[in-house]
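First comes the structure, then the notes that go with it.
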Amino acid sequence: MVDIRHSFQAWCGPWQQPLARGCTCLNLVLADDTASQLQPNRSPMHDKNRNDHDPHGGPGLRPSASLDPSTGDHEWTRRGLLRGAAMAATAAGVGLPPSRASAQTMPGSVFADDPQTRALAARTIRRQASQASFLAFPSDTQEINADEQRYDDLRGSFSKTLPHTELGEVQGDAYQSMLEALDARVPAGFEAITVGRDNDPSRVRLANPQAAYAFELSGLDGNASRIPPAPAVDSAIVDAEMAELYWYAVTRDVPFAEYERRNIICRAARDLNQFSRRDIFAHNDVGDVTPNTLFRGSIPVVGAADGVLNGPFVSQFLLLPFQLGQLEVDQRYRRVARGAANQFLTRFDGWLAVQEGQNPNATGNSTTFTSQSRYIARMRDLAEWVHRDYPLQAPTQALAIILGFGDAALDRALPYLREVSDTQSGFVTFGLADVSNLITLAIRQALVGAWFQKWACHRRLRPEQYAARINAQLRGRKDYELGLELMGSAALDRAIDEVREVNCTPFWDDSNDGLLPMAFPEGSPAHPAYPAGHSTSIAAGITVLKAFVDETFEIPDPVVPDRYGHRLEAWRDSSLTLGGELNKLVANITHARDAAGVHWRSDGVGNLIGEDAAIALLADYSLTRNEDIDGLTLTRFDGRAIRIVNGEVFYA
């Protein structure tokens with residue numbers, strides 16, 4: 001176990017009260033009605049850029065073309081701000097106490113700003129951040145696909161927990177009651193939604209639709225997030241995604257260590273290469289899905305981030321031991337049993353009950369575990385990890401592991417490294433409390449953006465619903481005109497075999513063909529698919545972490561689990577960087593939800609919402625610091641390096 005006490009001292013040492021000194025962190029404009037407008041010494045970003053939407057950069061990030069730290073605003077200091085605030089207060093007739101110079105001659109005095117000056121400065125900072133967010137708010141509306149309008153039977157729309165027909169279609173009046181509640185935004189309206197199994201006290205409830213309309217007091221407003229419209233239910237992208245989901249379902253127990261030599265993995269890669277939209281998958285240099293790229297992470301409109309295709313499948317941050325205070329954590333987890341016992345929703349009647357809100361866990365139909373704990377060594381292990389995690393878990397573990405690496409893993413620009421400051425250490429700012437708080441704020445704010453997209457915009461169906469449409473087509477009950485490329489694929493054939501094996505079905509019984517074996521008894525959560533909440537929250541938390549670390553730092557003594565997850569072995573095939581393994585952690589958490597069957601690959605677009613939210617939050621908080629720092633730097637998922645300083649984001 002790595003001793004991380006030194007790093008904790010560097011990050012969260014004793015709370016000290018240094019004297020105020022000149023600061024380069026503030027680029028403020030007094031917003032008081034009585035104050036004159038002050039301008040910084042460097043060229044401001046043009047307002048026209050604030051409303052531009054860069055599909056890679058995200059809304060609300062206020063980017064500038066470049067930043068030369070040597071020309072930064074070194075004359076714009078907090079003391080200058082306070083002088084300006086004092087002048088504004090005087091002009092407004094506000095009485096001020098004696099000046100700091102005279103106060104310093106008084107016994108027992110403290111070097112504090114007078115209340116009026118501080119209040120004006122605090123308001124100025126908040127107003128500047130608010131005005132920047134206002135100017136950056138996208139003027140365009142969020143684009144959606146037309147599935148909800150195209151289909152009277154709502155074949156492409158989310159409807160879990162609402163009443164359904166025997167065919168598995170949502171009842172139209174119930175769906176309309178949900179739409180009316182979302183449109184009115186009145187709390188009582190959400191209580192009037194028509195639900196299924198309303199006499200079942202353990203029934204599953206809709207997951208927080210009112211969060212779509214929550215506001216933020218910092219960072220990026222949730223309704224300012226913008227993503228591409230969800231793929232249409234009858235699109236070639238969905239065909240390819242569903243094929244991948246079927247392959248996930250039948251390969252969950254294959255160890256990652258055997259991907260290169262297992263026939264079923266090679267067969268899956270060959271099959272996915274037959275789809276016209278194979279480009280959505282992680283692939284090699286010539287665009288082919290291979291056993292080495294199969295199921296690895298990629299982000300819509302971005303592709304695979306740096307490091308995701310390098311090294312072991314599982315990120316070092318889900319393998320290495322770490323400390324939480326006095327608690328030493330060896331990352332071995334309860335192991336889910338193999339096979340049929342943990343393949344769920346493979347019977348249509350059980351599937352339909354769950355769609356109407358039945359909670360299988362309440363009836364004893366729960367995940368079966370072995371008596372052993374193992375390292376994450378196969379897809380089923382990853383899927384169960386994201387079944388029982390909480391939003392802060394992965395970023396918190398990553399932070400603890402990084403602290404164990406010592407100061408060498410941290411960004412050299414941070415003000416409280418031992419080589420930078422001989423007298424101070426960080427805690428409340430540029431320390432553990434600061435980073436933990438920013439991670440928490442970023443995750444919550446990003447999730448508001450995801451919930452806005454889920455409930456107010458797309459309302460995309462879950463894969464388990466789509467599989468029931470395929471079931472109806474295969475049985476001749478209804479032709480939904482779906483799966484043009486999927487029908488007849490090796491993925492569908494193998495999934496049908498899996499369902500029949502799980503159910504011990506006679507060869508003539510096709511009643512459950514096409515259903516998607518799920519890793520969770522309850523199937524998906526009770527909120528729409530697009531975008532994925534896990535993909536959003538993990539991206540937000542890790543983007544904050546990136547801003548405080550040296551992404552080029554090479555992880556010492558990397559490891560890989562053995563075939564069965566009994567032990568960790570040394571990884572020597574290639575070096576693994578901190579930034580690359582953080583990106584891989586984002587990919588693991590994102591696509592493990594796909595592996596469970598609860599999300600589509602394209603739902604991973606939440607990575608972009610999370611990244612945007614974190615950067616906007618960091619930009620706002622960069623206005624608040626007293627320390628002398630040239631800015632926080634990080635590399636976005638698309639490979640572009642940025643610097644965040646004085647409330648703005650600059651691209652290298």
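Just so we're on the same page: first chain in the structure tokens is A, next is B, and so on; residues restart at 1 for each chain, and ligands are numbered from 1 in the order they show up.
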
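For Leu568 in chain A, the set of protein, DNA and RNA residues having any atom at most 6 Å away, when counting only C-alpha atoms and skipping those fewer than 5 positions along the same chain, is Val559, Val560 and Pro561 of chain A.
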
Keeping only N, CA, C and O atoms, write the selected residues as a CSV table (one decimal), in the first residue's frame.
chain,number,residue,atom,x,y,z
A,559,VAL,N,-0.6,-2.4,-13.5
A,559,VAL,CA,-1.0,-3.8,-13.3
A,559,VAL,C,-2.1,-4.2,-14.2
A,559,VAL,O,-2.7,-3.4,-14.9
A,560,VAL,N,-2.3,-5.5,-14.3
A,560,VAL,CA,-3.4,-6.1,-15.1
A,560,VAL,C,-3.9,-7.4,-14.3
A,560,VAL,O,-3.1,-8.1,-13.7
A,561,PRO,N,-5.2,-7.6,-14.2
A,561,PRO,CA,-5.7,-8.8,-13.5
A,561,PRO,C,-5.4,-10.0,-14.3
A,561,PRO,O,-5.3,-10.0,-15.5

Under the rule of at most 7 Å, produce a per-residue listing of range 468-566 of chain A near range 231-245 of chain A: chain, number, name, the closest pair of atoms, and the distance in Å, as CSV, using only C-alpha atoms.
residue,atom,partner,partner_atom,distance
A:Leu482,CA,A:Asp234,CA,5.2
A:Gly483,CA,A:Asp239,CA,5.4
A:Glu485,CA,A:Asp239,CA,6.0
A:Leu486,CA,A:Asp239,CA,5.3
A:Ala491,CA,A:Ala243,CA,5.3
A:Leu492,CA,A:Ala243,CA,6.8

Would you mind exporting C-alpha atoms of the selected residues as a PDB file, in the first residue's frame?
ATOM      1  CA  LEU A 482     -36.937  -1.972 -37.422  1.00  0.00           C
ATOM      2  CA  GLY A 483     -33.603  -3.742 -37.654  1.00  0.00           C
ATOM      3  CA  GLU A 485     -29.363  -4.681 -40.916  1.00  0.00           C
ATOM      4  CA  LEU A 486     -29.902  -6.436 -37.603  1.00  0.00           C
ATOM      5  CA  ALA A 491     -25.514 -11.066 -33.118  1.00  0.00           C
ATOM      6  CA  LEU A 492     -29.270 -11.672 -33.184  1.00  0.00           C
TER       7      LEU A 492
END

Which residues of range 300-333 of chain A come within 8 Å of range 385-404 of chain A, and what is each one's closest atom pair and distance in Å (one decimal), counting only C-alpha atoms, sorted by chain and residue number, as a tab-separated table?
residue	atom	partner	partner_atom	distance
A:Phe317	CA	A:Ala398	CA	5.5
A:Leu318	CA	A:Ala394	CA	7.9
A:Leu320	CA	A:Ile401	CA	7.4
A:Pro321	CA	A:Ile401	CA	7.3
A:Phe322	CA	A:Ile401	CA	5.3
A:Gln323	CA	A:Ala400	CA	6.3
A:Leu324	CA	A:Ala400	CA	6.8

Write the residues of the preceding selection, restricted to C-alpha atoms, as a PDB file, in the first residue's frame.
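Full text of result12.pdb as output:
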ATOM      1  CA  PHE A 317      -8.022   3.459 -11.222  1.00  0.00           C
ATOM      2  CA  LEU A 318     -10.306   0.427 -10.954  1.00  0.00           C
ATOM      3  CA  LEU A 320      -4.813  -0.210  -7.882  1.00  0.00           C
ATOM      4  CA  PRO A 321      -5.170  -0.163  -4.077  1.00  0.00           C
ATOM      5  CA  PHE A 322      -5.828   3.137  -2.339  1.00  0.00           C
ATOM      6  CA  GLN A 323      -6.467   4.724   1.042  1.00  0.00           C
ATOM      7  CA  LEU A 324      -9.497   6.641   2.282  1.00  0.00           C
TER       8      LEU A 324
END

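Between Ala269 in chain A and the candidates A:Glu481, A:Asp630, A:Asp288, A:Asp594, the tightest atom-to-atom separation, counting only C-alpha atoms, involves A:Asp288.
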
TODO: Considering only C-alpha atoms, state which residue in the set A:Pro138, A:Gly523, A:Gly172, A:Gly303 is at the smallest distance from Asn583 in chain A.
DONE: A:Gly303

Open item on the list: Just the number, please: distance in Å from CA of Arg462 in chain A to CA of Ala526 in chain A, one decimal.
Closed with: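 So the two atoms, CA of Arg462 in chain A and CA of Ala526 in chain A, lie 9.6 Å apart.
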
Open item on the list: Applying 7 Å and only C-alpha atoms, which residues near range 144-159 of chain A remain after dropping the ones on its own chain fewer than 5 positions away? List them as a ChimeraX atom specification.
Closed with: /A:169-170,229-233,457-462,528

Output file for the selection above: N, CA, C and O atoms, as an mmCIF file, in the first residue's frame:
data_model
loop_
_atom_site.group_PDB
_atom_site.id
_atom_site.type_symbol
_atom_site.label_atom_id
_atom_site.label_comp_id
_atom_site.auth_asym_id
_atom_site.auth_seq_id
_atom_site.Cartn_x
_atom_site.Cartn_y
_atom_site.Cartn_z
ATOM 1 N N GLU A 169 -46.598 -2.098 -25.816
ATOM 2 C CA GLU A 169 -46.631 -0.685 -26.191
ATOM 3 C C GLU A 169 -47.265 0.121 -25.067
ATOM 4 O O GLU A 169 -48.209 -0.324 -24.417
ATOM 5 N N VAL A 170 -46.758 1.328 -24.850
ATOM 6 C CA VAL A 170 -47.300 2.177 -23.813
ATOM 7 C C VAL A 170 -48.707 2.627 -24.187
ATOM 8 O O VAL A 170 -49.015 2.866 -25.357
ATOM 9 N N PRO A 229 -28.913 15.183 -31.829
ATOM 10 C CA PRO A 229 -30.143 14.442 -31.556
ATOM 11 C C PRO A 229 -29.863 12.949 -31.439
ATOM 12 O O PRO A 229 -28.927 12.429 -32.051
ATOM 13 N N ALA A 230 -30.662 12.268 -30.665
ATOM 14 C CA ALA A 230 -30.500 10.821 -30.530
ATOM 15 C C ALA A 230 -30.740 10.144 -31.875
ATOM 16 O O ALA A 230 -31.591 10.592 -32.657
ATOM 17 N N PRO A 231 -30.018 9.087 -32.191
ATOM 18 C CA PRO A 231 -30.272 8.368 -33.440
ATOM 19 C C PRO A 231 -31.720 7.899 -33.518
ATOM 20 O O PRO A 231 -32.299 7.457 -32.527
ATOM 21 N N ALA A 232 -32.315 8.018 -34.687
ATOM 22 C CA ALA A 232 -33.696 7.570 -34.882
ATOM 23 C C ALA A 232 -33.794 6.070 -34.661
ATOM 24 O O ALA A 232 -32.857 5.312 -34.936
ATOM 25 N N VAL A 233 -34.948 5.631 -34.196
ATOM 26 C CA VAL A 233 -35.116 4.229 -33.814
ATOM 27 C C VAL A 233 -34.957 3.285 -35.001
ATOM 28 O O VAL A 233 -34.575 2.120 -34.831
ATOM 29 N N CYS A 457 -36.274 16.719 -23.672
ATOM 30 C CA CYS A 457 -35.931 16.738 -25.099
ATOM 31 C C CYS A 457 -36.171 15.395 -25.793
ATOM 32 O O CYS A 457 -37.018 15.300 -26.684
ATOM 33 N N HIS A 458 -35.452 14.353 -25.438
ATOM 34 C CA HIS A 458 -35.356 13.168 -26.288
ATOM 35 C C HIS A 458 -36.287 12.020 -25.905
ATOM 36 O O HIS A 458 -36.863 11.372 -26.784
ATOM 37 N N ARG A 459 -36.377 11.707 -24.638
ATOM 38 C CA ARG A 459 -37.251 10.619 -24.165
ATOM 39 C C ARG A 459 -37.034 9.340 -24.990
ATOM 40 O O ARG A 459 -37.973 8.687 -25.447
ATOM 41 N N ARG A 460 -35.758 8.993 -25.155
ATOM 42 C CA ARG A 460 -35.378 7.846 -25.982
ATOM 43 C C ARG A 460 -35.659 6.534 -25.263
ATOM 44 O O ARG A 460 -35.422 6.402 -24.057
ATOM 45 N N LEU A 461 -36.142 5.554 -25.992
ATOM 46 C CA LEU A 461 -36.419 4.249 -25.396
ATOM 47 C C LEU A 461 -35.135 3.558 -24.957
ATOM 48 O O LEU A 461 -34.043 3.850 -25.467
ATOM 49 N N ARG A 462 -35.276 2.616 -24.046
ATOM 50 C CA ARG A 462 -34.157 1.808 -23.581
ATOM 51 C C ARG A 462 -33.988 0.584 -24.486
ATOM 52 O O ARG A 462 -34.943 0.132 -25.131
ATOM 53 N N PRO A 528 -35.363 8.061 -19.192
ATOM 54 C CA PRO A 528 -35.015 7.815 -20.593
ATOM 55 C C PRO A 528 -33.522 7.569 -20.798
ATOM 56 O O PRO A 528 -32.683 7.922 -19.954
#

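DSSP secondary structure from the backbone places Phe322, Gln323, Leu324, Leu327, Glu328, Val329, Tyr333, Arg334, Arg335, Val336, Phe369, Thr370, Ser371, Gln372, Ser373 and Arg374 of chain A of range 283-517 of chain A in strand (DSSP E).
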
So that I have them on file, write out the residues from the current selection with all heavy atoms, as a tab-separated table (two decimals), in the first residue's frame.
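Here's the written file result-v4.tsv:
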chain	number	residue	atom	x	y	z
A	322	PHE	N	-5.86	1.73	-2.76
A	322	PHE	CA	-5.83	3.14	-2.34
A	322	PHE	C	-6.26	3.25	-0.89
A	322	PHE	O	-6.75	2.29	-0.29
A	322	PHE	CB	-6.72	4.00	-3.24
A	322	PHE	CG	-8.18	3.62	-3.22
A	322	PHE	CD1	-9.06	4.21	-2.33
A	322	PHE	CD2	-8.68	2.68	-4.12
A	322	PHE	CE1	-10.40	3.86	-2.32
A	322	PHE	CE2	-10.02	2.33	-4.11
A	322	PHE	CZ	-10.89	2.93	-3.21
A	323	GLN	N	-6.07	4.44	-0.32
A	323	GLN	CA	-6.47	4.72	1.04
A	323	GLN	C	-7.55	5.80	1.07
A	323	GLN	O	-7.49	6.77	0.33
A	323	GLN	CB	-5.27	5.23	1.86
A	323	GLN	CG	-4.25	4.17	2.19
A	323	GLN	CD	-3.09	4.75	2.97
A	323	GLN	OE1	-1.94	4.58	2.60
A	323	GLN	NE2	-3.40	5.47	4.05
A	324	LEU	N	-8.54	5.60	1.94
A	324	LEU	CA	-9.50	6.64	2.28
A	324	LEU	C	-9.33	6.89	3.77
A	324	LEU	O	-9.89	6.16	4.60
A	324	LEU	CB	-10.93	6.21	1.95
A	324	LEU	CG	-11.28	6.08	0.46
A	324	LEU	CD1	-12.70	5.55	0.30
A	324	LEU	CD2	-11.12	7.42	-0.25
A	327	LEU	N	-8.70	3.88	6.09
A	327	LEU	CA	-9.22	2.69	5.42
A	327	LEU	C	-8.35	2.35	4.22
A	327	LEU	O	-8.18	3.17	3.31
A	327	LEU	CB	-10.66	2.94	4.97
A	327	LEU	CG	-11.33	1.80	4.17
A	327	LEU	CD1	-11.49	0.56	5.05
A	327	LEU	CD2	-12.68	2.26	3.62
A	328	GLU	N	-7.81	1.14	4.21
A	328	GLU	CA	-7.04	0.66	3.07
A	328	GLU	C	-7.94	-0.19	2.19
A	328	GLU	O	-8.58	-1.13	2.67
A	328	GLU	CB	-5.83	-0.14	3.54
A	328	GLU	CG	-4.82	0.69	4.33
A	328	GLU	CD	-3.57	-0.08	4.67
A	328	GLU	OE1	-3.55	-1.32	4.41
A	328	GLU	OE2	-2.61	0.51	5.18
A	329	VAL	N	-8.00	0.15	0.93
A	329	VAL	CA	-8.93	-0.51	0.01
A	329	VAL	C	-8.15	-1.30	-1.03
A	329	VAL	O	-7.37	-0.73	-1.80
A	329	VAL	CB	-9.85	0.52	-0.69
A	329	VAL	CG1	-10.81	-0.19	-1.64
A	329	VAL	CG2	-10.60	1.34	0.34
A	333	TYR	N	-13.77	-7.09	-5.61
A	333	TYR	CA	-15.20	-6.89	-5.43
A	333	TYR	C	-15.92	-8.23	-5.40
A	333	TYR	O	-15.44	-9.23	-5.93
A	333	TYR	CB	-15.75	-6.03	-6.57
A	333	TYR	CG	-15.11	-4.67	-6.63
A	333	TYR	CD1	-14.01	-4.44	-7.45
A	333	TYR	CD2	-15.58	-3.62	-5.85
A	333	TYR	CE1	-13.40	-3.18	-7.50
A	333	TYR	CE2	-14.99	-2.37	-5.89
A	333	TYR	CZ	-13.90	-2.15	-6.72
A	333	TYR	OH	-13.30	-0.92	-6.76
A	334	ARG	N	-17.10	-8.24	-4.78
A	334	ARG	CA	-17.92	-9.45	-4.79
A	334	ARG	C	-18.13	-9.91	-6.23
A	334	ARG	O	-18.45	-9.10	-7.11
A	334	ARG	CB	-19.28	-9.19	-4.14
A	334	ARG	CG	-19.24	-9.07	-2.64
A	334	ARG	CD	-20.62	-9.30	-2.05
A	334	ARG	NE	-21.62	-8.39	-2.59
A	334	ARG	CZ	-22.93	-8.57	-2.47
A	334	ARG	NH1	-23.41	-9.63	-1.85
A	334	ARG	NH2	-23.77	-7.68	-2.97
A	335	ARG	N	-17.95	-11.16	-6.46
A	335	ARG	CA	-18.00	-11.69	-7.82
A	335	ARG	C	-19.39	-12.21	-8.15
A	335	ARG	O	-19.98	-13.01	-7.41
A	335	ARG	CB	-16.98	-12.81	-8.01
A	335	ARG	CG	-16.78	-13.24	-9.47
A	335	ARG	CD	-15.56	-14.11	-9.57
A	335	ARG	NE	-15.28	-14.55	-10.93
A	335	ARG	CZ	-14.63	-13.84	-11.85
A	335	ARG	NH1	-14.22	-12.63	-11.56
A	335	ARG	NH2	-14.40	-14.33	-13.05
A	336	VAL	N	-19.93	-11.75	-9.27
A	336	VAL	CA	-21.23	-12.20	-9.75
A	336	VAL	C	-21.07	-13.58	-10.37
A	336	VAL	O	-20.12	-13.84	-11.13
A	336	VAL	CB	-21.80	-11.20	-10.77
A	336	VAL	CG1	-23.16	-11.68	-11.28
A	336	VAL	CG2	-21.92	-9.82	-10.15
A	369	PHE	N	-24.40	-13.94	-6.24
A	369	PHE	CA	-22.96	-13.76	-6.09
A	369	PHE	C	-22.31	-15.05	-5.64
A	369	PHE	O	-22.95	-15.90	-5.00
A	369	PHE	CB	-22.66	-12.65	-5.07
A	369	PHE	CG	-23.09	-11.28	-5.50
A	369	PHE	CD1	-24.36	-10.81	-5.20
A	369	PHE	CD2	-22.23	-10.45	-6.20
A	369	PHE	CE1	-24.77	-9.55	-5.59
A	369	PHE	CE2	-22.62	-9.19	-6.58
A	369	PHE	CZ	-23.90	-8.73	-6.29
A	370	THR	N	-21.02	-15.18	-5.94
A	370	THR	CA	-20.24	-16.28	-5.39
A	370	THR	C	-19.72	-15.88	-4.02
A	370	THR	O	-19.93	-14.75	-3.57
A	370	THR	CB	-19.05	-16.62	-6.31
A	370	THR	OG1	-18.09	-15.56	-6.26
A	370	THR	CG2	-19.52	-16.81	-7.75
A	371	SER	N	-19.04	-16.76	-3.36
A	371	SER	CA	-18.48	-16.47	-2.04
A	371	SER	C	-17.14	-15.76	-2.12
A	371	SER	O	-16.55	-15.41	-1.10
A	371	SER	CB	-18.33	-17.76	-1.24
A	371	SER	OG	-17.45	-18.66	-1.91
A	372	GLN	N	-16.65	-15.53	-3.33
A	372	GLN	CA	-15.31	-14.99	-3.51
A	372	GLN	C	-15.36	-13.53	-3.95
A	372	GLN	O	-16.34	-13.06	-4.52
A	372	GLN	CB	-14.55	-15.80	-4.56
A	372	GLN	CG	-14.39	-17.27	-4.19
A	372	GLN	CD	-13.82	-18.08	-5.35
A	372	GLN	OE1	-14.20	-17.88	-6.50
A	372	GLN	NE2	-12.91	-18.99	-5.04
A	373	SER	N	-14.28	-12.83	-3.67
A	373	SER	CA	-14.08	-11.47	-4.17
A	373	SER	C	-12.92	-11.49	-5.16
A	373	SER	O	-11.91	-12.16	-4.91
A	373	SER	CB	-13.78	-10.50	-3.02
A	373	SER	OG	-14.90	-10.38	-2.18
A	374	ARG	N	-13.07	-10.77	-6.24
A	374	ARG	CA	-12.05	-10.79	-7.30
A	374	ARG	C	-11.80	-9.38	-7.83
A	374	ARG	O	-12.61	-8.47	-7.64
A	374	ARG	CB	-12.52	-11.66	-8.47
A	374	ARG	CG	-12.88	-13.09	-8.11
A	374	ARG	CD	-11.66	-13.98	-7.94
A	374	ARG	NE	-12.05	-15.36	-7.66
A	374	ARG	CZ	-12.33	-16.26	-8.59
A	374	ARG	NH1	-12.28	-15.93	-9.87
A	374	ARG	NH2	-12.68	-17.49	-8.25

TODO: Excluding Ser535 in chain A and any residue of its chain fewer than 5 positions from it, enumerate the residues within 7 Å of it, using only C-alpha atoms, and give them as a list in words.
DONE: Ile589, Thr590, Gly604, Gly606 and Asn607 of chain A

Task: Separation of CA of Asn359 in chain A from CA of Val598 in chain A, in Å and rounded to one decimal - done: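 So the answer is 15.5 Å.
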
Task: Residues of range 189-287 of chain A in alpha helix (DSSP H), written as a list in words - done: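 Put together, the selection reads Gly189, Phe190, Glu191, Ala236, Ile237, Val238, Asp239, Ala240, Glu241, Met242, Ala243, Glu244, Leu245, Tyr246, Trp247, Tyr248, Ala249, Val250, Thr251, Asn263, Ile264, Ile265, Cys266, Arg267, Ala268, Ala269, Arg270, Asp271 and Leu272 of chain A.
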